[in-house]
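Coordinates from run_2.cif are shown below (mmCIF, C-alpha atoms).
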```cif
data_coords
loop_
_atom_site.label_atom_id
_atom_site.label_comp_id
_atom_site.auth_asym_id
_atom_site.auth_seq_id
_atom_site.Cartn_x
_atom_site.Cartn_y
_atom_site.Cartn_z
CA MET A 1 -45.15 21.81 -5.14
CA THR A 2 -47.30 20.48 -2.32
CA TYR A 3 -48.33 23.25 0.02
CA PHE A 4 -48.80 22.15 3.63
CA ASP A 5 -48.81 25.47 5.50
CA ALA A 6 -52.48 26.47 5.54
CA ALA A 7 -52.17 27.41 9.22
CA ALA A 8 -50.01 30.33 8.09
CA ALA A 9 -51.99 31.17 4.95
CA ALA A 10 -54.44 29.04 2.99
CA PRO A 11 -54.41 29.33 -0.81
CA LEU A 12 -56.88 31.96 -2.03
CA HIS A 13 -60.33 30.39 -2.34
CA PRO A 14 -61.66 30.60 -5.94
CA VAL A 15 -64.77 32.39 -4.65
CA ALA A 16 -62.52 34.98 -2.98
CA ARG A 17 -60.71 35.56 -6.26
CA GLN A 18 -63.99 36.13 -8.11
CA ALA A 19 -65.29 38.46 -5.41
CA LEU A 20 -62.01 40.36 -5.30
CA LEU A 21 -61.96 40.97 -9.05
CA ALA A 22 -65.61 42.02 -9.07
CA ALA A 23 -65.11 44.39 -6.14
CA LEU A 24 -62.02 45.93 -7.74
CA ASP A 25 -64.28 46.94 -10.65
CA ASP A 26 -67.29 47.83 -8.58
CA GLY A 27 -66.11 48.86 -5.10
CA TRP A 28 -63.19 51.25 -5.63
CA ALA A 29 -64.95 54.47 -4.57
CA ASP A 30 -64.85 56.08 -1.11
CA SER A 31 -67.78 54.44 0.62
CA GLY A 32 -68.37 57.52 2.79
CA LYS A 33 -69.33 59.85 -0.08
CA LEU A 34 -72.74 60.73 -1.53
CA TYR A 35 -72.71 59.66 -5.16
CA SER A 36 -73.73 56.48 -6.86
CA GLN A 37 -70.24 54.89 -7.07
CA ALA A 38 -69.85 55.50 -3.33
CA ARG A 39 -73.26 54.04 -2.58
CA ARG A 40 -72.30 50.93 -4.53
CA ALA A 41 -69.09 50.58 -2.49
CA ARG A 42 -71.11 51.09 0.68
CA GLN A 43 -73.53 48.35 -0.32
CA LEU A 44 -70.67 45.92 -0.91
CA LEU A 45 -69.13 46.76 2.45
CA ASP A 46 -72.43 46.45 4.31
CA ALA A 47 -73.11 43.10 2.65
CA ALA A 48 -69.62 41.84 3.53
CA ARG A 49 -70.12 42.88 7.14
CA ALA A 50 -73.61 41.37 7.35
CA THR A 51 -72.44 38.05 5.86
CA THR A 52 -69.46 37.78 8.18
CA ALA A 53 -71.46 38.78 11.26
CA GLU A 54 -74.16 36.24 10.49
CA ILE A 55 -71.61 33.43 10.18
CA LEU A 56 -70.01 34.44 13.49
CA ARG A 57 -73.51 34.80 15.04
CA VAL A 58 -72.87 38.40 16.11
CA ARG A 59 -74.48 41.76 15.27
CA PRO A 60 -73.02 43.63 12.28
CA ASP A 61 -72.15 46.61 14.51
CA GLU A 62 -70.10 44.32 16.76
CA LEU A 63 -67.80 43.36 13.86
CA THR A 64 -64.93 45.42 12.51
CA PHE A 65 -62.41 44.64 9.80
CA THR A 66 -58.75 45.20 10.67
CA SER A 67 -55.70 45.18 8.44
CA GLY A 68 -54.86 41.60 9.44
CA GLY A 69 -54.98 38.99 12.18
CA THR A 70 -51.94 40.35 14.00
CA GLU A 71 -53.38 43.84 14.19
CA ALA A 72 -56.72 42.42 15.34
CA ALA A 73 -54.95 40.53 18.16
CA HIS A 74 -52.99 43.63 19.19
CA SER A 75 -56.15 45.69 19.14
CA ALA A 76 -58.12 43.16 21.20
CA VAL A 77 -55.42 42.96 23.88
CA LEU A 78 -54.49 46.64 24.06
CA GLY A 79 -58.08 47.87 23.74
CA GLY A 80 -59.36 45.24 26.17
CA LEU A 81 -56.75 46.20 28.77
CA ALA A 82 -57.33 49.94 28.26
CA GLY A 83 -61.10 49.54 28.62
CA ARG A 84 -60.69 47.83 31.98
CA ARG A 85 -57.89 49.95 33.38
CA ARG A 86 -59.88 50.67 36.53
CA ALA A 87 -60.17 46.95 37.28
CA GLY A 88 -56.44 46.37 36.91
CA GLU A 89 -53.61 45.93 34.43
CA ARG A 90 -53.11 42.19 34.20
CA LEU A 91 -53.81 39.90 31.28
CA VAL A 92 -54.26 36.24 32.19
CA HIS A 93 -53.43 34.11 29.14
CA SER A 94 -52.57 30.54 28.25
CA ALA A 95 -48.86 29.85 27.82
CA ILE A 96 -49.55 28.87 24.20
CA GLU A 97 -51.11 32.07 22.83
CA HIS A 98 -49.96 33.37 19.45
CA SER A 99 -46.89 35.59 19.73
CA ALA A 100 -49.02 38.58 18.59
CA VAL A 101 -51.01 38.26 21.83
CA LEU A 102 -47.89 37.77 23.96
CA TYR A 103 -46.14 40.79 22.44
CA ALA A 104 -49.21 42.95 23.05
CA ALA A 105 -49.48 41.66 26.64
CA SER A 106 -45.86 42.55 27.32
CA ASP A 107 -45.27 42.91 31.08
CA ALA A 108 -48.99 42.68 31.88
CA GLY A 109 -49.13 38.96 31.05
CA VAL A 110 -49.85 36.23 33.60
CA PRO A 111 -49.28 32.90 31.81
CA VAL A 112 -51.31 29.79 32.66
CA ALA A 113 -49.73 26.39 32.02
CA VAL A 114 -50.83 23.69 29.57
CA ASP A 115 -50.31 19.93 29.85
CA ARG A 116 -48.12 17.69 27.68
CA LEU A 117 -50.88 17.59 25.02
CA GLY A 118 -51.08 21.39 24.93
CA ARG A 119 -54.41 21.68 26.75
CA LEU A 120 -55.06 24.51 29.18
CA ASP A 121 -54.81 23.72 32.93
CA LEU A 122 -58.36 24.75 33.82
CA ASP A 123 -57.83 24.67 37.60
CA ALA A 124 -54.87 27.02 37.27
CA TRP A 125 -56.91 29.21 34.89
CA ARG A 126 -59.80 29.47 37.39
CA GLU A 127 -57.37 30.57 40.11
CA ALA A 128 -55.55 33.01 37.83
CA VAL A 129 -58.65 34.86 36.60
CA LYS A 130 -59.81 35.29 40.23
CA GLY A 131 -56.50 36.98 41.08
CA PRO A 132 -56.11 40.68 41.93
CA GLY A 133 -55.94 43.30 39.20
CA VAL A 134 -56.98 41.08 36.29
CA ALA A 135 -58.35 43.28 33.50
CA LEU A 136 -58.67 40.68 30.72
CA ALA A 137 -58.15 36.99 29.98
CA ALA A 138 -56.98 35.65 26.60
CA LEU A 139 -57.34 32.12 25.27
CA ILE A 140 -56.54 30.79 21.82
CA SER A 141 -59.45 28.68 20.52
CA ALA A 142 -57.12 25.98 19.23
CA SER A 143 -53.35 25.89 19.09
CA HIS A 144 -51.89 27.20 15.84
CA GLU A 145 -48.80 25.09 16.41
CA VAL A 146 -50.04 21.72 17.63
CA GLY A 147 -53.79 21.81 16.90
CA THR A 148 -55.08 21.06 20.40
CA VAL A 149 -58.56 22.53 20.86
CA GLN A 150 -58.84 24.55 24.06
CA PRO A 151 -61.68 24.33 26.62
CA VAL A 152 -63.09 27.72 25.65
CA ALA A 153 -66.58 27.15 27.14
CA GLU A 154 -65.19 26.14 30.55
CA ALA A 155 -62.63 28.95 30.50
CA ALA A 156 -65.42 31.41 29.65
CA GLU A 157 -67.51 30.17 32.62
CA ALA A 158 -64.56 30.76 34.94
CA CYS A 159 -64.11 34.26 33.52
CA ALA A 160 -67.82 35.04 33.93
CA ALA A 161 -67.70 33.86 37.56
CA ALA A 162 -64.71 36.13 38.20
CA GLY A 163 -66.19 39.08 36.29
CA VAL A 164 -63.30 39.13 33.83
CA PRO A 165 -63.94 39.54 30.08
CA LEU A 166 -62.52 36.85 27.80
CA TYR A 167 -60.74 37.46 24.52
CA VAL A 168 -60.65 34.45 22.16
CA ASP A 169 -58.07 34.30 19.35
CA ALA A 170 -60.02 32.16 16.89
CA ALA A 171 -57.61 32.48 13.96
CA GLN A 172 -57.28 28.71 13.45
CA SER A 173 -60.94 27.88 14.15
CA VAL A 174 -63.06 30.31 12.13
CA GLY A 175 -64.03 28.54 8.90
CA ARG A 176 -62.83 25.17 10.30
CA ILE A 177 -64.69 24.30 13.52
CA PRO A 178 -67.37 25.99 15.66
CA VAL A 179 -66.22 28.40 18.37
CA PRO A 180 -68.14 28.30 21.69
CA ASP A 181 -69.88 31.44 22.99
CA GLY A 182 -69.16 33.26 26.24
CA TRP A 183 -66.40 35.58 25.06
CA SER A 184 -66.35 39.40 24.96
CA LEU A 185 -63.70 39.89 22.26
CA LEU A 186 -62.80 37.64 19.34
CA THR A 187 -60.34 37.93 16.49
CA ALA A 188 -59.66 36.02 13.27
CA SER A 189 -57.59 36.29 10.11
CA ALA A 190 -58.97 36.00 6.58
CA ARG A 191 -55.93 34.41 4.97
CA LYS A 192 -56.28 31.42 7.32
CA TRP A 193 -59.63 30.54 5.72
CA GLY A 194 -58.76 31.27 2.09
CA GLY A 195 -59.45 35.00 2.04
CA PRO A 196 -56.83 37.54 0.98
CA ALA A 197 -53.97 38.66 3.22
CA GLY A 198 -54.41 41.96 5.00
CA VAL A 199 -57.88 41.39 6.40
CA GLY A 200 -58.53 40.53 10.04
CA LEU A 201 -61.66 40.48 12.15
CA LEU A 202 -62.20 42.04 15.56
CA VAL A 203 -65.52 41.36 17.28
CA ILE A 204 -66.42 43.45 20.30
CA ARG A 205 -69.61 42.22 21.94
CA LYS A 206 -72.18 44.80 23.02
CA GLY A 207 -71.34 46.04 26.48
CA ALA A 208 -67.76 44.75 26.40
CA ARG A 209 -65.18 47.17 27.77
CA TRP A 210 -62.80 48.12 24.98
CA ARG A 211 -61.06 51.38 24.17
CA SER A 212 -59.54 52.28 20.82
CA ARG A 213 -55.88 53.25 20.64
CA TYR A 214 -56.63 55.62 17.76
CA PRO A 215 -57.98 59.20 17.59
CA ASP A 216 -61.78 59.53 17.49
CA GLY A 217 -62.21 56.00 18.87
CA GLU A 218 -61.45 54.46 15.47
CA ARG A 219 -62.11 50.73 15.27
CA GLU A 220 -62.13 49.77 11.65
CA THR A 221 -58.59 49.97 10.34
CA CYS A 222 -58.97 47.97 7.12
CA ARG A 223 -59.44 50.30 4.13
CA ASP A 224 -59.15 47.67 1.42
CA LEU A 225 -62.80 47.26 0.50
CA PRO A 226 -62.30 44.67 -2.28
CA ALA A 227 -60.22 42.53 0.11
CA MET A 228 -62.94 42.75 2.78
CA VAL A 229 -65.56 41.70 0.25
CA ALA A 230 -63.38 38.79 -0.87
CA ALA A 231 -62.73 37.75 2.74
CA ALA A 232 -66.47 37.63 3.45
CA ALA A 233 -67.18 35.68 0.25
CA ALA A 234 -64.47 33.14 1.12
CA LEU A 235 -65.77 32.79 4.67
CA ARG A 236 -69.26 32.09 3.39
CA ALA A 237 -67.90 29.48 0.98
CA VAL A 238 -65.68 27.68 3.51
CA THR A 239 -68.41 27.74 6.14
CA ALA A 240 -70.72 25.95 3.71
CA GLU A 241 -67.95 23.37 3.12
CA GLN A 242 -66.79 23.32 6.74
CA ALA A 243 -68.31 20.06 8.01
CA ALA A 244 -67.46 18.16 4.84
CA GLU A 245 -63.90 19.47 4.78
CA ALA A 246 -63.36 18.62 8.45
CA ALA A 247 -64.67 15.10 7.76
CA ARG A 248 -62.30 14.79 4.80
CA LEU A 249 -59.15 16.28 6.38
CA ALA A 250 -59.35 14.83 9.92
CA PRO A 251 -58.75 11.25 8.68
CA LEU A 252 -55.77 12.51 6.64
CA VAL A 253 -54.32 14.05 9.82
CA ASP A 254 -55.03 10.76 11.61
CA LYS A 255 -53.16 8.97 8.88
CA ILE A 256 -50.16 11.30 9.18
CA ARG A 257 -50.10 10.86 12.96
CA ARG A 258 -50.27 7.07 12.66
CA VAL A 259 -47.88 6.54 9.74
CA VAL A 260 -45.23 9.03 10.89
CA ALA A 261 -45.13 7.40 14.33
CA ALA A 262 -44.84 3.96 12.72
CA THR A 263 -42.31 4.69 9.95
CA VAL A 264 -39.98 7.35 11.38
CA PRO A 265 -37.87 6.10 14.32
CA ASP A 266 -37.55 8.35 17.38
CA VAL A 267 -40.31 10.74 16.45
CA GLU A 268 -42.66 12.48 18.85
CA VAL A 269 -46.10 13.28 17.38
CA VAL A 270 -47.41 16.07 19.58
CA GLY A 271 -50.77 17.66 20.42
CA ASP A 272 -54.05 16.06 21.46
CA PRO A 273 -54.75 13.01 19.24
CA ASP A 274 -58.54 13.44 19.46
CA ASP A 275 -59.58 16.91 20.62
CA ARG A 276 -57.81 18.82 17.88
CA LEU A 277 -58.15 20.87 14.72
CA PRO A 278 -59.07 18.78 11.67
CA HIS A 279 -56.30 20.12 9.44
CA LEU A 280 -53.11 20.43 11.48
CA VAL A 281 -50.49 18.02 12.82
CA THR A 282 -47.07 18.53 14.39
CA PHE A 283 -44.20 16.15 15.11
CA SER A 284 -40.55 16.37 16.19
CA CYS A 285 -37.72 14.16 14.94
CA LEU A 286 -34.99 13.43 17.48
CA TYR A 287 -31.43 14.55 16.56
CA VAL A 288 -32.58 16.29 13.37
CA ASP A 289 -31.92 19.96 12.63
CA GLY A 290 -35.28 21.61 11.92
CA GLU A 291 -33.90 24.01 9.33
CA ALA A 292 -32.16 21.20 7.44
CA LEU A 293 -35.39 19.20 7.52
CA LEU A 294 -37.43 22.09 6.09
CA HIS A 295 -34.92 22.62 3.30
CA ALA A 296 -34.79 18.90 2.51
CA LEU A 297 -38.58 18.73 2.34
CA ASP A 298 -38.66 21.88 0.22
CA ARG A 299 -36.28 20.21 -2.27
CA ARG A 300 -38.74 17.30 -2.48
CA GLY A 301 -41.57 19.74 -3.15
CA PHE A 302 -43.18 20.06 0.29
CA ALA A 303 -43.85 23.40 1.98
CA VAL A 304 -44.15 22.92 5.75
CA SER A 305 -43.57 25.02 8.85
CA SER A 306 -41.48 24.42 11.99
CA GLY A 307 -41.33 25.51 15.60
CA SER A 308 -37.63 24.67 15.91
CA SER A 309 -35.36 27.46 17.11
CA CYS A 310 -33.06 27.30 14.07
CA THR A 311 -36.03 28.18 11.85
CA SER A 312 -37.07 31.27 13.83
CA SER A 313 -35.63 34.75 13.47
CA THR A 314 -35.03 34.93 17.24
CA LEU A 315 -33.24 31.53 17.35
CA ARG A 316 -35.54 30.59 20.21
CA PRO A 317 -37.62 27.42 20.13
CA SER A 318 -41.39 27.69 19.91
CA HIS A 319 -42.85 28.85 23.24
CA VAL A 320 -45.76 26.47 22.56
CA LEU A 321 -43.53 23.38 22.35
CA GLU A 322 -41.62 24.65 25.42
CA ALA A 323 -44.83 25.10 27.41
CA MET A 324 -45.81 21.51 26.56
CA GLY A 325 -42.35 20.19 27.41
CA VAL A 326 -42.04 18.33 24.12
CA LEU A 327 -39.02 18.06 21.85
CA SER A 328 -38.55 21.29 19.91
CA HIS A 329 -35.77 20.39 17.47
CA GLY A 330 -36.52 18.58 14.22
CA ASN A 331 -40.03 19.97 14.40
CA VAL A 332 -42.46 19.96 11.47
CA ARG A 333 -45.98 21.38 11.29
CA VAL A 334 -48.16 20.10 8.46
CA SER A 335 -51.42 21.97 7.87
CA LEU A 336 -53.88 20.93 5.17
CA HIS A 337 -56.47 22.84 3.14
CA ARG A 338 -59.23 22.35 0.61
CA GLU A 339 -56.81 21.67 -2.26
CA THR A 340 -54.92 18.96 -0.33
CA THR A 341 -55.49 15.47 -1.71
CA GLU A 342 -54.89 12.07 -0.15
CA ALA A 343 -52.27 11.52 -2.86
CA ASP A 344 -50.36 14.60 -1.58
CA VAL A 345 -50.40 13.15 1.92
CA ASP A 346 -49.35 9.70 0.71
CA ARG A 347 -46.42 11.13 -1.25
CA PHE A 348 -45.30 13.03 1.87
CA LEU A 349 -45.60 9.92 4.02
CA SER A 350 -43.63 7.84 1.52
CA GLU A 351 -40.79 10.37 1.27
CA LEU A 352 -40.48 11.58 4.88
CA PRO A 353 -38.80 8.45 6.38
CA GLY A 354 -36.02 8.61 3.78
CA VAL A 355 -35.52 12.35 4.24
CA VAL A 356 -35.17 11.96 8.01
CA ALA A 357 -32.91 8.89 7.64
CA ASP A 358 -30.61 10.76 5.21
CA LEU A 359 -30.29 13.74 7.58
CA ARG A 360 -29.53 11.43 10.50
CA ALA A 361 -26.94 9.57 8.44
CA GLU A 362 -25.27 12.86 7.46
CA ALA A 363 -25.18 13.94 11.11
CA GLY A 364 -23.83 10.56 12.22
CA VAL A 365 -26.60 9.99 14.74
CA VAL A 366 -28.02 6.69 13.49
CA GLY A 367 -28.47 4.22 16.34
CA LEU A 368 -28.03 6.79 19.11
CA MET B 1 -19.29 11.11 40.33
CA ARG B 2 -19.95 13.53 37.53
CA GLU B 3 -18.76 14.12 34.00
CA THR B 4 -18.98 17.39 32.11
CA LEU B 5 -19.75 17.95 28.43
CA ASP B 6 -18.91 21.37 27.07
CA CYS B 7 -21.48 22.24 24.38
CA LEU B 8 -21.24 26.01 24.74
CA GLY B 9 -21.74 27.74 21.41
CA GLN B 10 -23.40 24.67 19.86
CA ARG B 11 -26.87 24.97 18.44
CA CYS B 12 -29.62 22.43 18.99
CA PRO B 13 -29.78 19.51 18.38
CA LEU B 14 -25.97 19.25 18.85
CA PRO B 15 -25.98 19.36 22.70
CA VAL B 16 -28.64 16.62 22.78
CA ILE B 17 -26.63 14.53 20.32
CA ALA B 18 -23.48 14.98 22.44
CA LEU B 19 -25.39 13.83 25.51
CA ALA B 20 -26.84 10.82 23.70
CA ARG B 21 -23.32 9.82 22.55
CA ARG B 22 -21.72 10.25 25.97
CA LEU B 23 -24.28 8.78 28.35
CA PRO B 24 -23.89 5.09 27.32
CA ASP B 25 -20.16 5.35 28.11
CA VAL B 26 -20.59 6.33 31.75
CA PRO B 27 -21.59 3.85 34.49
CA VAL B 28 -25.22 3.65 35.58
CA GLY B 29 -25.83 6.20 38.36
CA VAL B 30 -23.29 8.72 37.09
CA VAL B 31 -24.40 12.27 36.28
CA VAL B 32 -23.39 13.96 33.05
CA ARG B 33 -23.45 17.75 33.20
CA VAL B 34 -24.11 19.39 29.82
CA LEU B 35 -22.95 22.99 29.49
CA ALA B 36 -25.16 24.46 26.76
CA ASP B 37 -26.15 28.05 26.04
CA ASP B 38 -28.51 27.32 23.15
CA PRO B 39 -31.98 28.28 24.44
CA ALA B 40 -33.54 25.09 23.04
CA ALA B 41 -31.35 22.92 25.30
CA ALA B 42 -33.42 23.90 28.36
CA ASN B 43 -36.42 22.25 26.72
CA ASP B 44 -34.89 19.50 24.64
CA ILE B 45 -32.53 17.91 27.21
CA PRO B 46 -35.41 17.17 29.66
CA ALA B 47 -37.55 16.02 26.69
CA TRP B 48 -34.76 13.65 25.56
CA CYS B 49 -34.53 12.24 29.11
CA ARG B 50 -38.28 11.58 29.08
CA MET B 51 -38.12 9.88 25.67
CA ARG B 52 -35.12 7.75 26.65
CA GLY B 53 -36.15 7.00 30.23
CA GLN B 54 -33.06 8.70 31.71
CA GLU B 55 -33.22 10.90 34.80
CA TYR B 56 -33.19 14.66 34.33
CA VAL B 57 -31.72 15.95 37.60
CA GLY B 58 -32.08 19.67 36.99
CA THR B 59 -30.37 22.82 35.79
CA VAL B 60 -27.63 24.88 37.40
CA THR B 61 -25.59 27.91 36.36
CA VAL B 62 -21.88 27.37 35.78
CA ASP B 63 -19.73 30.48 35.24
CA GLY B 64 -22.82 32.38 34.13
CA ALA B 65 -23.93 29.78 31.57
CA PRO B 66 -26.74 27.23 31.89
CA ALA B 67 -25.88 23.60 32.60
CA TYR B 68 -28.12 20.52 32.67
CA ASP B 69 -27.53 17.45 34.84
CA VAL B 70 -28.62 14.04 33.57
CA ARG B 71 -28.16 10.76 35.47
CA ARG B 72 -27.81 7.49 33.59
CA THR B 73 -30.45 5.15 35.04
CA HIS B 74 -30.16 2.16 32.72
#
```
Represent the supplied structure as structure tokens.
Amino acid sequence: MTYFDAAAAAPLHPVARQALLAALDDGWADSGKLYSQARRARQLLDAARATTAEILRVRPDELTFTSGGTEAAHSAVLGGLAGRRRAGERLVHSAIEHSAVLYAASDAGVPVAVDRLGRLDLDAWREAVKGPGVALAALISASHEVGTVQPVAEAAEACAAAGVPLYVDAAQSVGRIPVPDGWSLLTASARKWGGPAGVGLLVIRKGARWRSRYPDGERETCRDLPAMVAAAAALRAVTAEQAAEAARLAPLVDKIRRVVAATVPDVEVVGDPDDRLPHLVTFSCLYVDGEALLHALDRRGFAVSSGSSCTSSTLRPSHVLEAMGVLSHGNVRVSLHRETTEADVDRFLSELPGVVADLRAEAGVVGL
Amino acid sequence: MRETLDCLGQRCPLPVIALARRLPDVPVGVVVRVLADDPAAANDIPAWCRMRGQEYVGTVTVDGAPAYDVRRTH
């Protein structure tokens, strides 16, 4: 089976597995107690926090572990809005944020458009953050669906000029590409970089306005110490490999973009061709049912994701593809990881044209 | 002149396929109205027009359901 859905969850990094097993033996005690087993757990937790904070270039006391990326995003939005209630209630956000951010924003959201490549409209963003009653702005660092890197530095300047704090959802960037500074809140998700599921990061910069939704101002909601230790170990490992992995995977994504466009008729390869994540590529095949395409690829041994409506529980197409105005049916997202080989990519590229042609023949849409 | 395609109850990509089948049969300049309540149609019919160089005229509501007007330009 060839796994091409690292943007949802990367396979567990071998360093994370080692760290997890060691911490299960060594870090099971309640780290708040006053005996030697507890002190050992505390040491592991402190080291995990220090490692992660150093990689993110923040202070250890600015970093908290949450029980996952979704919870981190909810906490950033809800806590960021609550902390700035006196300034207003609105959340300015790009139209292509992760659904976790949009759900948390609820009625407070003021969406800002993106262009056909999925890149934020900076002029519209500058106007929106200057608007009345804006408590917080949210921008995804790079699109989880199409890979387009967002102009975080410019967006942060606009926010600073307007006196509005910026929250950056860096789930697809941490461990892959550098994230610019200038934000007040940042979140990430360990399973996107090869850490275990159930660990997220929430960074609250010193002086940022943020209010906990929990009693006693609780921030740190992750209680799984071995998983936190494993997440930090994986982050350290992938950060060391980051530049080399980006240099290895980006040409494979280039190859997919080029070969799919050349060998599959009526296909739209979407997202920015240059300013993009190194590991993720998305395309849509005209007249093809996305669910049928995923199943057909699964039968050939490929695990991919899709933004097509028939593959979502809500039967709505991806809001990201909608915001870009690109074809949403027959959509496939391929996301690579450290175990992906060029041979995996070549096998996919050799089988995809036939899979799409068969589905079109079955549907009677050849030549339309 | 206008033709109507009833794709109510059909899931994407079926409304787009129905449009692609019908449009070559109408004279250049004629509008085909696609009745489609699948939420993806609102995105994919304009996207198809862009890919095929046909004119997307706009959306209207017909008897409470969304409809999409497309003019054959070539």
Taking only C-alpha atoms into account, report as an NGL selection string which residues of chain A lie within 7 Å of chain B. :A and (287-289 or 309 or 316-317 or 322 or 325-329 or 368)
Nearest to Ala47 in chain A among A:His337, A:Arg300, A:Arg347, A:Arg236, with distances taken over only C-alpha atoms: which residue is it?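 Checking each candidate against Ala47 in chain A, we get A:Arg236 as the closest.
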Near Val332 in chain A, within 12 Å and counting all atoms listed in the file, which residues show up once chain neighbours fewer than 4 positions away are dropped, as an MDAnalysis selection string? chainID A and resid 4:5 145:146 256:257 260 267:270 280:286 288:297 302:309 311 318 321 327:328 352 356
When you look at Val26 in chain B with a cut-off of 12 Å (counting all atoms listed in the file), what residues show up, excluding the ones that are within fewer than 2 positions of it in the same chain? I need them as number ranges by chain. B: 1-4, 19-24, 28-33, 70-74
Please produce an output containing C-alpha atoms for each residue in the selection, written as a PDB file, in the frame of the given file.
```
ATOM      1  CA  MET B   1     -19.290  11.110  40.330  1.00  0.00           C
ATOM      2  CA  ARG B   2     -19.950  13.530  37.530  1.00  0.00           C
ATOM      3  CA  GLU B   3     -18.760  14.120  34.000  1.00  0.00           C
ATOM      4  CA  THR B   4     -18.980  17.390  32.110  1.00  0.00           C
ATOM      5  CA  LEU B  19     -25.390  13.830  25.510  1.00  0.00           C
ATOM      6  CA  ALA B  20     -26.840  10.820  23.700  1.00  0.00           C
ATOM      7  CA  ARG B  21     -23.320   9.820  22.550  1.00  0.00           C
ATOM      8  CA  ARG B  22     -21.720  10.250  25.970  1.00  0.00           C
ATOM      9  CA  LEU B  23     -24.280   8.780  28.350  1.00  0.00           C
ATOM     10  CA  PRO B  24     -23.890   5.090  27.320  1.00  0.00           C
ATOM     11  CA  VAL B  28     -25.220   3.650  35.580  1.00  0.00           C
ATOM     12  CA  GLY B  29     -25.830   6.200  38.360  1.00  0.00           C
ATOM     13  CA  VAL B  30     -23.290   8.720  37.090  1.00  0.00           C
ATOM     14  CA  VAL B  31     -24.400  12.270  36.280  1.00  0.00           C
ATOM     15  CA  VAL B  32     -23.390  13.960  33.050  1.00  0.00           C
ATOM     16  CA  ARG B  33     -23.450  17.750  33.200  1.00  0.00           C
ATOM     17  CA  VAL B  70     -28.620  14.040  33.570  1.00  0.00           C
ATOM     18  CA  ARG B  71     -28.160  10.760  35.470  1.00  0.00           C
ATOM     19  CA  ARG B  72     -27.810   7.490  33.590  1.00  0.00           C
ATOM     20  CA  THR B  73     -30.450   5.150  35.040  1.00  0.00           C
ATOM     21  CA  HIS B  74     -30.160   2.160  32.720  1.00  0.00           C
TER      22      HIS B  74
END
```
Identify, on the basis of only C-alpha atoms, every residue whose closest approach to Leu8 in chain B does not exceed 8 Å; exclude the query and any residue fewer than 2 positions from it along the same chain; express the result as number ranges by chain. B: 6, 10, 35-38
May I have the residues within 9 Å of Trp28 in chain A as a count of residues only, using all atoms listed in the file and disregarding those fewer than 4 positions away in the same chain? 8
Figure out the distance between CA of Val334 in chain A and CA of Leu139 in chain A, please, to one decimal in Å.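 Calculated distance between CA of Leu139 in chain A and CA of Val334 in chain A is 22.6 Å.
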Atomic separation - CA of Val134 in chain A relative to CA of Gly88 in chain A, Å: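 Calculated distance between CA of Gly88 in chain A and CA of Val134 in chain A is 5.4 Å.
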Dig up all the protein and nucleic acid residues within 10 Å of (-24.5, 24.7, 37.4) in the file frame, using all atoms listed in the file, and format them as a list in words. Arg33, Val34, Leu35, Gly58, Thr59, Val60, Thr61, Val62, Asp63, Gly64, Ala65, Pro66, Ala67, Tyr68 and Asp69 of chain B
Enclose the full set of atoms of range 142-154 of chain A listed in the file within a box whose edges lie along x, y and z, apply 8 Å of padding to each of the six sides, and report centre and edge lengths in Å to one decimal as lines of an AutoDock Vina configuration file.
```
center_x = -57.7
center_y = 24.4
center_z = 23.2
size_x = 33.8
size_y = 22.7
size_z = 30.7
```
Just how far from CA of Leu63 in chain A is CA of Ser106 in chain A, in Å to one decimal? 25.8 Å
Residue among A:Thr2, A:Thr239, A:Ser75, A:Ser350 lying closest to Pro178 in chain A, counting all atoms listed in the file: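 The answer is A:Thr239, which sits nearest to Pro178 in chain A.
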Name the closest residue to Pro165 in chain A among the candidates A:Tyr35, A:Phe348, A:Trp210, A:Trp125; distances are taken between atoms, counting all atoms listed in the file.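 Closest candidate: A:Trp210.
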Hey, what comes out of the PyMOL selection byres ((chain A and resi 8) around 9) on this file? Could you write it as a VMD selection string? chain A and resid 5 to 7 9 to 10 144 191 to 192 305 335
Starting from the point (-54.5, 15.6, 22.8), work out which residues of protein, DNA or RNA have an atom no more than 10 Å away when counting only C-alpha atoms; state them as JSON, numbers by chain. {"A": [115, 116, 117, 118, 119, 146, 147, 148, 149, 270, 271, 272, 273, 274, 275, 276]}
Target residues per the PyMOL selection byres ((chain A and resi 120) around 9), formatted as a PyMOL selection string: chain A and resi 94-96+112-115+118-119+121-125+139+150-151+155
